[in-house]
>>> print(open('data_32.cif').read())   # mmCIF, N, CA and C atoms and all ligand atoms
data_start
#
loop_
_atom_site.label_atom_id
_atom_site.label_comp_id
_atom_site.auth_asym_id
_atom_site.auth_seq_id
_atom_site.Cartn_x
_atom_site.Cartn_y
_atom_site.Cartn_z
N MET Q 200 18.21 32.35 -21.86
CA MET Q 200 18.80 31.08 -22.25
C MET Q 200 18.85 30.13 -21.06
N LYS Q 201 18.52 28.94 -21.37
CA LYS Q 201 18.48 27.95 -20.28
C LYS Q 201 19.88 27.54 -19.85
N VAL Q 202 19.99 27.42 -18.60
CA VAL Q 202 21.27 26.97 -18.05
C VAL Q 202 21.19 25.47 -17.87
N LEU Q 203 22.15 24.80 -18.36
CA LEU Q 203 22.17 23.34 -18.20
C LEU Q 203 22.97 22.98 -16.96
N VAL Q 204 22.33 22.24 -16.15
CA VAL Q 204 23.00 21.82 -14.93
C VAL Q 204 23.10 20.31 -14.97
N ALA Q 205 24.28 19.84 -14.84
CA ALA Q 205 24.47 18.38 -14.80
C ALA Q 205 24.57 17.95 -13.35
N LEU Q 206 23.65 17.15 -12.99
CA LEU Q 206 23.67 16.62 -11.63
C LEU Q 206 24.22 15.20 -11.66
N LEU Q 207 25.05 14.96 -10.78
CA LEU Q 207 25.62 13.63 -10.68
C LEU Q 207 24.94 12.92 -9.52
N LEU Q 208 24.15 11.97 -9.86
CA LEU Q 208 23.48 11.22 -8.81
C LEU Q 208 24.23 9.92 -8.58
N LEU Q 209 24.88 9.88 -7.51
CA LEU Q 209 25.62 8.67 -7.20
C LEU Q 209 24.72 7.66 -6.52
N VAL Q 210 24.95 6.44 -6.83
CA VAL Q 210 24.24 5.37 -6.15
C VAL Q 210 24.56 5.47 -4.66
N GLN Q 211 23.54 5.47 -3.92
CA GLN Q 211 23.77 5.62 -2.49
C GLN Q 211 24.09 4.28 -1.86
N LEU Q 212 25.13 4.30 -1.13
CA LEU Q 212 25.48 3.12 -0.37
C LEU Q 212 25.12 3.40 1.08
N LEU Q 213 24.07 2.82 1.46
CA LEU Q 213 23.58 3.08 2.81
C LEU Q 213 23.93 1.93 3.71
N SER Q 214 24.30 2.29 4.86
CA SER Q 214 24.53 1.28 5.87
C SER Q 214 23.39 1.38 6.87
N CYS Q 215 22.49 0.46 6.76
CA CYS Q 215 21.32 0.56 7.62
C CYS Q 215 21.40 -0.47 8.72
N LYS Q 216 21.41 0.02 9.89
CA LYS Q 216 21.40 -0.90 11.02
C LYS Q 216 19.98 -0.97 11.55
N VAL Q 217 19.45 -2.16 11.56
CA VAL Q 217 18.11 -2.35 12.07
C VAL Q 217 18.25 -2.98 13.45
N VAL Q 218 18.24 -2.14 14.44
CA VAL Q 218 18.44 -2.64 15.80
C VAL Q 218 17.30 -2.12 16.68
N PRO Q 219 16.26 -2.93 16.83
CA PRO Q 219 15.17 -2.48 17.70
C PRO Q 219 15.66 -2.33 19.14
N PHE Q 220 15.01 -1.44 19.84
CA PHE Q 220 15.36 -1.22 21.24
C PHE Q 220 15.20 -2.50 22.04
N ASP Q 221 16.19 -2.79 22.81
CA ASP Q 221 16.16 -4.02 23.61
C ASP Q 221 16.34 -3.69 25.07
N PRO Q 222 15.27 -3.84 25.85
CA PRO Q 222 15.38 -3.50 27.28
C PRO Q 222 16.18 -4.54 28.07
N PHE Q 223 16.47 -5.66 27.44
CA PHE Q 223 17.18 -6.73 28.14
C PHE Q 223 18.61 -6.80 27.65
N GLN Q 224 19.45 -7.32 28.49
CA GLN Q 224 20.82 -7.56 28.04
C GLN Q 224 20.81 -8.66 26.99
N PRO Q 225 21.45 -8.43 25.87
CA PRO Q 225 21.51 -9.52 24.91
C PRO Q 225 22.38 -10.66 25.44
N LEU Q 226 21.99 -11.86 25.10
CA LEU Q 226 22.82 -13.01 25.47
C LEU Q 226 23.88 -13.19 24.37
N HIS Q 227 24.49 -14.33 24.35
CA HIS Q 227 25.56 -14.52 23.37
C HIS Q 227 25.04 -14.39 21.95
N PRO Q 228 25.67 -13.57 21.15
CA PRO Q 228 25.20 -13.44 19.77
C PRO Q 228 25.49 -14.69 18.96
N ARG Q 229 24.71 -14.85 17.94
CA ARG Q 229 24.86 -15.98 17.02
C ARG Q 229 25.25 -15.35 15.68
N PHE Q 230 26.23 -15.89 15.03
CA PHE Q 230 26.66 -15.31 13.76
C PHE Q 230 26.15 -16.17 12.60
N LEU Q 231 25.60 -15.50 11.63
CA LEU Q 231 25.09 -16.18 10.45
C LEU Q 231 25.96 -15.80 9.26
N ASP Q 232 26.04 -16.70 8.30
CA ASP Q 232 26.68 -16.34 7.04
C ASP Q 232 25.78 -15.38 6.30
N CYS Q 233 26.41 -14.47 5.55
CA CYS Q 233 25.61 -13.50 4.82
C CYS Q 233 24.77 -14.15 3.72
N ASP Q 234 25.17 -15.32 3.25
CA ASP Q 234 24.37 -15.98 2.21
C ASP Q 234 23.47 -17.09 2.77
N ASP Q 235 23.36 -17.13 4.07
CA ASP Q 235 22.43 -18.06 4.70
C ASP Q 235 20.99 -17.65 4.32
N PRO Q 236 20.12 -18.62 4.00
CA PRO Q 236 18.73 -18.26 3.66
C PRO Q 236 18.06 -17.44 4.76
N GLU Q 237 18.42 -17.71 6.00
CA GLU Q 237 17.84 -16.95 7.11
C GLU Q 237 18.27 -15.48 7.06
N SER Q 238 19.54 -15.25 6.66
CA SER Q 238 20.04 -13.89 6.51
C SER Q 238 19.32 -13.17 5.38
N GLU Q 239 19.12 -13.90 4.28
CA GLU Q 239 18.46 -13.30 3.13
C GLU Q 239 17.02 -12.94 3.44
N GLU Q 240 16.38 -13.79 4.22
CA GLU Q 240 15.01 -13.52 4.61
C GLU Q 240 14.95 -12.28 5.50
N ALA Q 241 15.86 -12.20 6.47
CA ALA Q 241 15.90 -11.04 7.37
C ALA Q 241 16.20 -9.77 6.60
N ALA Q 242 17.11 -9.86 5.62
CA ALA Q 242 17.47 -8.69 4.83
C ALA Q 242 16.29 -8.23 3.98
N ALA Q 243 15.54 -9.19 3.41
CA ALA Q 243 14.37 -8.84 2.60
C ALA Q 243 13.34 -8.12 3.45
N ILE Q 244 13.15 -8.57 4.68
CA ILE Q 244 12.20 -7.92 5.59
C ILE Q 244 12.69 -6.51 5.91
N ALA Q 245 14.00 -6.38 6.15
CA ALA Q 245 14.56 -5.07 6.48
C ALA Q 245 14.40 -4.08 5.32
N VAL Q 246 14.64 -4.56 4.09
CA VAL Q 246 14.50 -3.67 2.92
C VAL Q 246 13.04 -3.25 2.75
N ASP Q 247 12.11 -4.19 2.94
CA ASP Q 247 10.68 -3.84 2.88
C ASP Q 247 10.35 -2.79 3.91
N TYR Q 248 10.91 -2.97 5.09
CA TYR Q 248 10.65 -2.04 6.18
C TYR Q 248 11.18 -0.64 5.82
N ILE Q 249 12.41 -0.61 5.31
CA ILE Q 249 13.03 0.67 4.93
C ILE Q 249 12.20 1.35 3.84
N ASN Q 250 11.78 0.57 2.84
CA ASN Q 250 10.98 1.15 1.75
C ASN Q 250 9.62 1.63 2.23
N ALA Q 251 9.07 0.97 3.24
CA ALA Q 251 7.76 1.37 3.77
C ALA Q 251 7.86 2.58 4.68
N HIS Q 252 9.06 2.88 5.18
CA HIS Q 252 9.19 3.93 6.18
C HIS Q 252 9.98 5.14 5.74
N HIS Q 253 10.41 5.19 4.50
CA HIS Q 253 10.96 6.48 4.06
C HIS Q 253 10.01 7.01 3.01
N HIS Q 254 9.70 8.28 3.09
CA HIS Q 254 8.56 8.80 2.35
C HIS Q 254 8.94 9.76 1.24
N HIS Q 255 10.20 9.82 0.89
CA HIS Q 255 10.57 10.62 -0.28
C HIS Q 255 11.73 9.92 -0.95
N GLY Q 256 11.96 10.27 -2.19
CA GLY Q 256 13.05 9.64 -2.93
C GLY Q 256 12.59 8.35 -3.58
N TYR Q 257 13.51 7.44 -3.69
CA TYR Q 257 13.28 6.25 -4.49
C TYR Q 257 13.41 4.98 -3.64
N LYS Q 258 12.77 3.95 -4.13
CA LYS Q 258 12.86 2.67 -3.42
C LYS Q 258 14.27 2.10 -3.50
N TYR Q 259 14.60 1.35 -2.49
CA TYR Q 259 15.91 0.74 -2.46
C TYR Q 259 15.83 -0.75 -2.75
N ALA Q 260 16.82 -1.24 -3.44
CA ALA Q 260 16.95 -2.68 -3.67
C ALA Q 260 18.19 -3.15 -2.93
N LEU Q 261 18.13 -4.37 -2.50
CA LEU Q 261 19.25 -4.94 -1.76
C LEU Q 261 20.40 -5.26 -2.71
N ASN Q 262 21.55 -4.74 -2.42
CA ASN Q 262 22.74 -5.11 -3.20
C ASN Q 262 23.43 -6.29 -2.52
N SER Q 263 23.80 -6.11 -1.29
CA SER Q 263 24.45 -7.21 -0.58
C SER Q 263 24.27 -7.06 0.92
N ILE Q 264 24.46 -8.14 1.60
CA ILE Q 264 24.44 -8.14 3.05
C ILE Q 264 25.89 -8.02 3.50
N GLU Q 265 26.19 -6.99 4.26
CA GLU Q 265 27.57 -6.78 4.68
C GLU Q 265 27.89 -7.55 5.96
N LYS Q 266 26.97 -7.45 6.90
CA LYS Q 266 27.20 -8.10 8.18
C LYS Q 266 25.86 -8.51 8.76
N ILE Q 267 25.85 -9.56 9.48
CA ILE Q 267 24.63 -9.94 10.19
C ILE Q 267 25.01 -10.60 11.51
N LYS Q 268 24.30 -10.19 12.52
CA LYS Q 268 24.55 -10.72 13.85
C LYS Q 268 23.18 -10.94 14.48
N VAL Q 269 23.00 -12.05 15.12
CA VAL Q 269 21.71 -12.34 15.74
C VAL Q 269 21.91 -12.32 17.25
N LEU Q 270 21.19 -11.42 17.89
CA LEU Q 270 21.27 -11.34 19.35
C LEU Q 270 20.08 -12.05 19.94
N ARG Q 271 20.34 -12.85 20.91
CA ARG Q 271 19.24 -13.51 21.61
C ARG Q 271 18.75 -12.57 22.70
N ARG Q 272 17.49 -12.64 22.96
CA ARG Q 272 16.97 -11.81 24.03
C ARG Q 272 16.06 -12.62 24.94
N ARG Q 273 16.04 -12.17 26.16
CA ARG Q 273 15.18 -12.82 27.13
C ARG Q 273 13.78 -12.22 27.04
N PRO Q 274 12.71 -12.90 27.30
CA PRO Q 274 12.71 -14.33 27.60
C PRO Q 274 12.80 -15.18 26.34
N THR Q 275 12.28 -14.65 25.22
CA THR Q 275 12.35 -15.41 23.97
C THR Q 275 12.61 -14.45 22.83
N GLY Q 276 13.00 -14.96 21.72
CA GLY Q 276 13.13 -14.14 20.52
C GLY Q 276 14.56 -13.80 20.20
N GLU Q 277 14.71 -13.21 19.04
CA GLU Q 277 16.03 -12.85 18.57
C GLU Q 277 15.95 -11.49 17.88
N ILE Q 278 17.06 -10.78 17.93
CA ILE Q 278 17.16 -9.49 17.24
C ILE Q 278 18.20 -9.65 16.16
N PHE Q 279 17.83 -9.28 14.94
CA PHE Q 279 18.77 -9.35 13.84
C PHE Q 279 19.41 -7.98 13.67
N ASP Q 280 20.73 -7.96 13.78
CA ASP Q 280 21.49 -6.73 13.58
C ASP Q 280 22.12 -6.84 12.20
N LEU Q 281 21.59 -6.05 11.26
CA LEU Q 281 22.00 -6.20 9.86
C LEU Q 281 22.73 -4.97 9.36
N GLU Q 282 23.71 -5.19 8.55
CA GLU Q 282 24.35 -4.10 7.84
C GLU Q 282 24.20 -4.42 6.36
N LEU Q 283 23.43 -3.57 5.68
CA LEU Q 283 23.07 -3.86 4.30
C LEU Q 283 23.63 -2.83 3.35
N ASP Q 284 23.93 -3.27 2.16
CA ASP Q 284 24.36 -2.40 1.09
C ASP Q 284 23.16 -2.26 0.14
N LEU Q 285 22.64 -1.04 0.02
CA LEU Q 285 21.42 -0.83 -0.76
C LEU Q 285 21.71 -0.01 -2.00
N LEU Q 286 20.94 -0.27 -3.04
CA LEU Q 286 21.04 0.51 -4.27
C LEU Q 286 19.73 1.21 -4.53
N GLU Q 287 19.81 2.43 -5.02
CA GLU Q 287 18.60 3.18 -5.35
C GLU Q 287 18.06 2.69 -6.69
N THR Q 288 16.75 2.51 -6.75
CA THR Q 288 16.13 2.09 -8.01
C THR Q 288 15.51 3.30 -8.70
N VAL Q 289 14.97 3.07 -9.89
CA VAL Q 289 14.32 4.16 -10.63
C VAL Q 289 12.87 4.38 -10.17
N CYS Q 290 12.37 3.52 -9.29
CA CYS Q 290 10.98 3.64 -8.85
C CYS Q 290 10.86 4.61 -7.69
N HIS Q 291 10.08 5.65 -7.92
CA HIS Q 291 9.82 6.58 -6.83
C HIS Q 291 9.04 5.84 -5.75
N ILE Q 292 9.15 6.37 -4.53
CA ILE Q 292 8.57 5.68 -3.38
C ILE Q 292 7.04 5.52 -3.52
N VAL Q 293 6.38 6.38 -4.30
CA VAL Q 293 4.93 6.24 -4.49
C VAL Q 293 4.58 5.32 -5.66
N ASN Q 294 5.59 4.86 -6.36
CA ASN Q 294 5.34 3.95 -7.48
C ASN Q 294 4.84 2.60 -6.95
N PRO Q 295 3.67 2.14 -7.43
CA PRO Q 295 3.13 0.89 -6.89
C PRO Q 295 3.87 -0.37 -7.36
N LEU Q 296 4.76 -0.24 -8.31
CA LEU Q 296 5.51 -1.42 -8.76
C LEU Q 296 6.27 -2.04 -7.61
N PRO Q 297 6.23 -3.36 -7.49
CA PRO Q 297 7.07 -3.98 -6.46
C PRO Q 297 8.54 -3.74 -6.77
N VAL Q 298 9.33 -3.61 -5.74
CA VAL Q 298 10.73 -3.21 -5.94
C VAL Q 298 11.50 -4.22 -6.79
N GLU Q 299 11.03 -5.47 -6.79
CA GLU Q 299 11.68 -6.51 -7.62
C GLU Q 299 11.57 -6.15 -9.10
N ASN Q 300 10.56 -5.36 -9.46
CA ASN Q 300 10.35 -5.00 -10.85
C ASN Q 300 10.98 -3.65 -11.21
N CYS Q 301 11.70 -3.07 -10.28
CA CYS Q 301 12.30 -1.77 -10.54
C CYS Q 301 13.77 -1.96 -10.88
N THR Q 302 14.21 -1.28 -11.91
CA THR Q 302 15.63 -1.39 -12.24
C THR Q 302 16.44 -0.45 -11.37
N VAL Q 303 17.65 -0.87 -11.10
CA VAL Q 303 18.55 -0.07 -10.27
C VAL Q 303 19.06 1.10 -11.11
N ARG Q 304 19.20 2.24 -10.45
CA ARG Q 304 19.71 3.42 -11.16
C ARG Q 304 21.14 3.19 -11.63
N PRO Q 305 21.43 3.70 -12.81
CA PRO Q 305 22.84 3.61 -13.24
C PRO Q 305 23.72 4.41 -12.31
N LEU Q 306 24.98 4.05 -12.28
CA LEU Q 306 25.91 4.65 -11.33
C LEU Q 306 25.94 6.17 -11.46
N THR Q 307 25.94 6.68 -12.65
CA THR Q 307 25.88 8.14 -12.83
C THR Q 307 24.72 8.45 -13.75
N HIS Q 308 24.08 9.54 -13.50
CA HIS Q 308 22.88 9.88 -14.24
C HIS Q 308 22.89 11.38 -14.46
N HIS Q 309 22.81 11.80 -15.71
CA HIS Q 309 22.87 13.23 -15.98
C HIS Q 309 21.48 13.77 -16.19
N VAL Q 310 21.20 14.86 -15.52
CA VAL Q 310 19.87 15.45 -15.60
C VAL Q 310 20.01 16.85 -16.16
N SER Q 311 19.23 17.17 -17.19
CA SER Q 311 19.23 18.53 -17.71
C SER Q 311 18.07 19.29 -17.12
N VAL Q 312 18.34 20.49 -16.61
CA VAL Q 312 17.29 21.28 -15.97
C VAL Q 312 17.01 22.50 -16.84
C1 LIG Q 401 6.98 -8.03 -12.11
O1 LIG Q 401 7.84 -8.89 -12.82
C2 LIG Q 401 7.37 -10.24 -12.89
C3 LIG Q 401 8.46 -11.06 -13.55
O2 LIG Q 401 9.00 -10.42 -14.67
C4 LIG Q 401 6.05 -10.26 -13.67
O3 LIG Q 401 5.58 -11.58 -13.74
C5 LIG Q 401 5.05 -9.39 -12.94
O4 LIG Q 401 3.85 -9.32 -13.68
C6 LIG Q 401 5.61 -7.99 -12.75
N1 LIG Q 401 4.70 -7.23 -11.90
C7 LIG Q 401 4.27 -6.02 -12.22
C8 LIG Q 401 3.34 -5.38 -11.26
O5 LIG Q 401 4.64 -5.45 -13.24
#
>>> encode(input="data_32.cif", output="structure tokens", more="lines below")
Ligand SMILES: *[C@@H]1O[C@H](CO)[C@@H](O)[C@H](O)[C@H]1NC(C)=O
Amino acid sequence: MKVLVALLLLVQLLSCKVVPFDPFQPLHPRFLDCDDPESEEAAAIAVDYINAHHHHGYKYALNSIEKIKVLRRRPTGEIFDLELDLLETVCHIVNPLPVENCTVRPLTHHVSV
């Protein structure tokens, strides 16, 4: 007789900090609003990066931007320090569908094995 196992898959709330190595001392940070278009653009790039660099499980969609800080670096450029709230979608990482077309997993999901 088959044993039914109910798995509870909770939506993962990941806090991803994207902080590239900086050999220079950061100068004064600049603070952006989380709904600033520049923040949204940086977050979209970060989510693409995360989806391109994890090789198992499901693609993530951006839920919200928790924190954003922009560090200036010498001689030029800026580092975006982002804290993002991500939701797992139903699209497996090998699914060619763009993440915009993937629905977010329901909060609880029962799986029969
Ligand atoms: C993704 O969704 C958009 C808007 O609904 C649609 O135009 C597009 O064809 C879809 N792309 C794929 C690959 O399904």
>>> closest_residue(input="data_32.cif", among="Q:Ala251, Q:Val298, Q:Leu281, Q:Ala241", to="ligand LIG 401 (chain Q)", atoms="only C-alpha atoms and all ligand atoms")
Q:Val298
>>> residues_around(input="data_32.cif", residues="region 259-265 of chain Q", least_positions_apart="3", cutoff="6 Å", atoms="all atoms listed in the file", output="CSV table (one decimal) with N, CA and C atoms, keeping the file's coordinate frame")
chain,number,residue,atom,x,y,z
Q,233,CYS,N,26.4,-14.5,5.6
Q,233,CYS,CA,25.6,-13.5,4.8
Q,233,CYS,C,24.8,-14.2,3.7
Q,250,ASN,N,11.8,0.6,2.8
Q,250,ASN,CA,11.0,1.2,1.8
Q,250,ASN,C,9.6,1.6,2.2
Q,282,GLU,N,23.7,-5.2,8.6
Q,282,GLU,CA,24.4,-4.1,7.8
Q,282,GLU,C,24.2,-4.4,6.4
Q,283,LEU,N,23.4,-3.6,5.7
Q,283,LEU,CA,23.1,-3.9,4.3
Q,283,LEU,C,23.6,-2.8,3.4
Q,284,ASP,N,23.9,-3.3,2.2
Q,284,ASP,CA,24.4,-2.4,1.1
Q,284,ASP,C,23.2,-2.3,0.1
Q,285,LEU,N,22.6,-1.0,0.0
Q,285,LEU,CA,21.4,-0.8,-0.8
Q,285,LEU,C,21.7,0.0,-2.0
Q,286,LEU,N,20.9,-0.3,-3.0
Q,286,LEU,CA,21.0,0.5,-4.3
Q,286,LEU,C,19.7,1.2,-4.5
Q,287,GLU,N,19.8,2.4,-5.0
Q,287,GLU,CA,18.6,3.2,-5.4
Q,287,GLU,C,18.1,2.7,-6.7
Q,288,THR,N,16.8,2.5,-6.8
Q,288,THR,CA,16.1,2.1,-8.0
Q,288,THR,C,15.5,3.3,-8.7
>>> residues_around(input="data_32.cif", residues="Phe230 (chain Q)", least_positions_apart="2", cutoff="6 Å", atoms="all atoms listed in the file", output="PDB file with N, CA and C atoms, in the coordinates of the input")
ATOM      1  N   PRO Q 228      25.670 -13.570  21.150  1.00  0.00           N
ATOM      2  CA  PRO Q 228      25.200 -13.440  19.770  1.00  0.00           C
ATOM      3  C   PRO Q 228      25.490 -14.690  18.960  1.00  0.00           C
ATOM      4  N   ASP Q 232      26.040 -16.700   8.300  1.00  0.00           N
ATOM      5  CA  ASP Q 232      26.680 -16.340   7.040  1.00  0.00           C
ATOM      6  C   ASP Q 232      25.780 -15.380   6.300  1.00  0.00           C
ATOM      7  N   ILE Q 267      25.850  -9.560   9.480  1.00  0.00           N
ATOM      8  CA  ILE Q 267      24.630  -9.940  10.190  1.00  0.00           C
ATOM      9  C   ILE Q 267      25.010 -10.600  11.510  1.00  0.00           C
ATOM     10  N   LYS Q 268      24.300 -10.190  12.520  1.00  0.00           N
ATOM     11  CA  LYS Q 268      24.550 -10.720  13.850  1.00  0.00           C
ATOM     12  C   LYS Q 268      23.180 -10.940  14.480  1.00  0.00           C
ATOM     13  N   VAL Q 269      23.000 -12.050  15.120  1.00  0.00           N
ATOM     14  CA  VAL Q 269      21.710 -12.340  15.740  1.00  0.00           C
ATOM     15  C   VAL Q 269      21.910 -12.320  17.250  1.00  0.00           C
TER      16      VAL Q 269
END
>>> closest_atom_pairs(input="data_32.cif", of="chain Q", to="ligand LIG 401 (chain Q)", cutoff="8 Å", atoms="all atoms listed in the file", output="CSV")
residue,atom,partner,partner_atom,distance
Q:Pro295,C,Q:LIG401,C8,6.4
Q:Leu296,CA,Q:LIG401,C8,5.2
Q:Pro297,N,Q:LIG401,C8,5.2
Q:Val298,C,Q:LIG401,C1,8.0
Q:Glu299,C,Q:LIG401,C1,5.8
Q:Asn300,CA,Q:LIG401,C1,4.7
Q:Cys301,N,Q:LIG401,C1,7.1
>>> atom_distance(input="data_32.cif", atom1="CA of Ile292 (chain Q)", atom2="CA of Asp235 (chain Q)")
28.7 Å
>>> atom_distance(input="data_32.cif", atom1="atom C of Asp234 (chain Q)", atom2="atom N of His254 (chain Q)")
28.9 Å
>>> closest_residue(input="data_32.cif", among="Q:His252, Q:Lys258, Q:Lys266, Q:Arg271", to="Glu239 (chain Q)", atoms="only C-alpha atoms")
Q:Lys266
>>> atom_distance(input="data_32.cif", atom1="atom N of Tyr248 (chain Q)", atom2="CA of Arg272 (chain Q)")
21.8 Å
>>> select_by_dssp(input="data_32.cif", residues="region 249-308 of chain Q", states="alpha helix (DSSP H)", output="list of chain:residue names")
Q:Ile249, Q:Asn250, Q:Ala251, Q:His252
>>> write_last_selection(input="data_32.cif", atoms="N, CA and C atoms", output="PDB file, in the coordinates of the input")
ATOM      1  N   ILE Q 249      12.410  -0.610   5.310  1.00  0.00           N
ATOM      2  CA  ILE Q 249      13.030   0.670   4.930  1.00  0.00           C
ATOM      3  C   ILE Q 249      12.200   1.350   3.840  1.00  0.00           C
ATOM      4  N   ASN Q 250      11.780   0.570   2.840  1.00  0.00           N
ATOM      5  CA  ASN Q 250      10.980   1.150   1.750  1.00  0.00           C
ATOM      6  C   ASN Q 250       9.620   1.630   2.230  1.00  0.00           C
ATOM      7  N   ALA Q 251       9.070   0.970   3.240  1.00  0.00           N
ATOM      8  CA  ALA Q 251       7.760   1.370   3.770  1.00  0.00           C
ATOM      9  C   ALA Q 251       7.860   2.580   4.680  1.00  0.00           C
ATOM     10  N   HIS Q 252       9.060   2.880   5.180  1.00  0.00           N
ATOM     11  CA  HIS Q 252       9.190   3.930   6.180  1.00  0.00           C
ATOM     12  C   HIS Q 252       9.980   5.140   5.740  1.00  0.00           C
TER      13      HIS Q 252
END
>>> build_atoms(input="data_32.cif", residues="region 245-252 of chain Q", atoms="all heavy atoms", output="CSV table (one decimal), in the frame of the given file")
chain,number,residue,atom,x,y,z
Q,245,ALA,N,14.0,-6.4,6.2
Q,245,ALA,CA,14.6,-5.1,6.5
Q,245,ALA,C,14.4,-4.1,5.3
Q,245,ALA,O,14.0,-2.9,5.5
Q,245,ALA,CB,16.0,-5.2,6.9
Q,246,VAL,N,14.6,-4.6,4.1
Q,246,VAL,CA,14.5,-3.7,2.9
Q,246,VAL,C,13.0,-3.2,2.8
Q,246,VAL,O,12.7,-2.1,2.5
Q,246,VAL,CB,15.1,-4.3,1.6
Q,246,VAL,CG1,14.8,-3.5,0.4
Q,246,VAL,CG2,16.6,-4.6,1.8
Q,247,ASP,N,12.1,-4.2,2.9
Q,247,ASP,CA,10.7,-3.8,2.9
Q,247,ASP,C,10.4,-2.8,3.9
Q,247,ASP,O,9.6,-1.8,3.6
Q,247,ASP,CB,9.8,-5.1,3.2
Q,247,ASP,CG,9.7,-6.0,2.0
Q,247,ASP,OD1,10.2,-5.6,0.9
Q,247,ASP,OD2,9.2,-7.1,2.1
Q,248,TYR,N,10.9,-3.0,5.1
Q,248,TYR,CA,10.6,-2.0,6.2
Q,248,TYR,C,11.2,-0.6,5.8
Q,248,TYR,O,10.5,0.4,6.0
Q,248,TYR,CB,11.3,-2.6,7.5
Q,248,TYR,CG,11.1,-1.7,8.7
Q,248,TYR,CD1,9.9,-1.9,9.5
Q,248,TYR,CD2,11.9,-0.6,9.0
Q,248,TYR,CE1,9.7,-1.0,10.5
Q,248,TYR,CE2,11.7,0.2,10.0
Q,248,TYR,CZ,10.6,0.0,10.8
Q,248,TYR,OH,10.4,0.8,11.9
Q,249,ILE,N,12.4,-0.6,5.3
Q,249,ILE,CA,13.0,0.7,4.9
Q,249,ILE,C,12.2,1.4,3.8
Q,249,ILE,O,11.9,2.5,3.9
Q,249,ILE,CB,14.5,0.5,4.5
Q,249,ILE,CG1,15.3,0.0,5.7
Q,249,ILE,CG2,15.1,1.7,3.8
Q,249,ILE,CD1,16.7,-0.6,5.3
Q,250,ASN,N,11.8,0.6,2.8
Q,250,ASN,CA,11.0,1.2,1.8
Q,250,ASN,C,9.6,1.6,2.2
Q,250,ASN,O,9.1,2.6,1.7
Q,250,ASN,CB,10.8,0.1,0.6
Q,250,ASN,CG,12.1,0.1,-0.2
Q,250,ASN,OD1,12.9,1.0,-0.4
Q,250,ASN,ND2,12.3,-1.1,-0.8
Q,251,ALA,N,9.1,1.0,3.2
Q,251,ALA,CA,7.8,1.4,3.8
Q,251,ALA,C,7.9,2.6,4.7
Q,251,ALA,O,6.9,3.2,4.9
Q,251,ALA,CB,7.1,0.2,4.5
Q,252,HIS,N,9.1,2.9,5.2
Q,252,HIS,CA,9.2,3.9,6.2
Q,252,HIS,C,10.0,5.1,5.7
Q,252,HIS,O,10.2,6.0,6.5
Q,252,HIS,CB,9.8,3.4,7.5
Q,252,HIS,CG,8.8,2.5,8.2
Q,252,HIS,ND1,8.6,1.2,7.9
Q,252,HIS,CD2,7.9,2.8,9.2
Q,252,HIS,CE1,7.7,0.7,8.6
Q,252,HIS,NE2,7.2,1.6,9.5
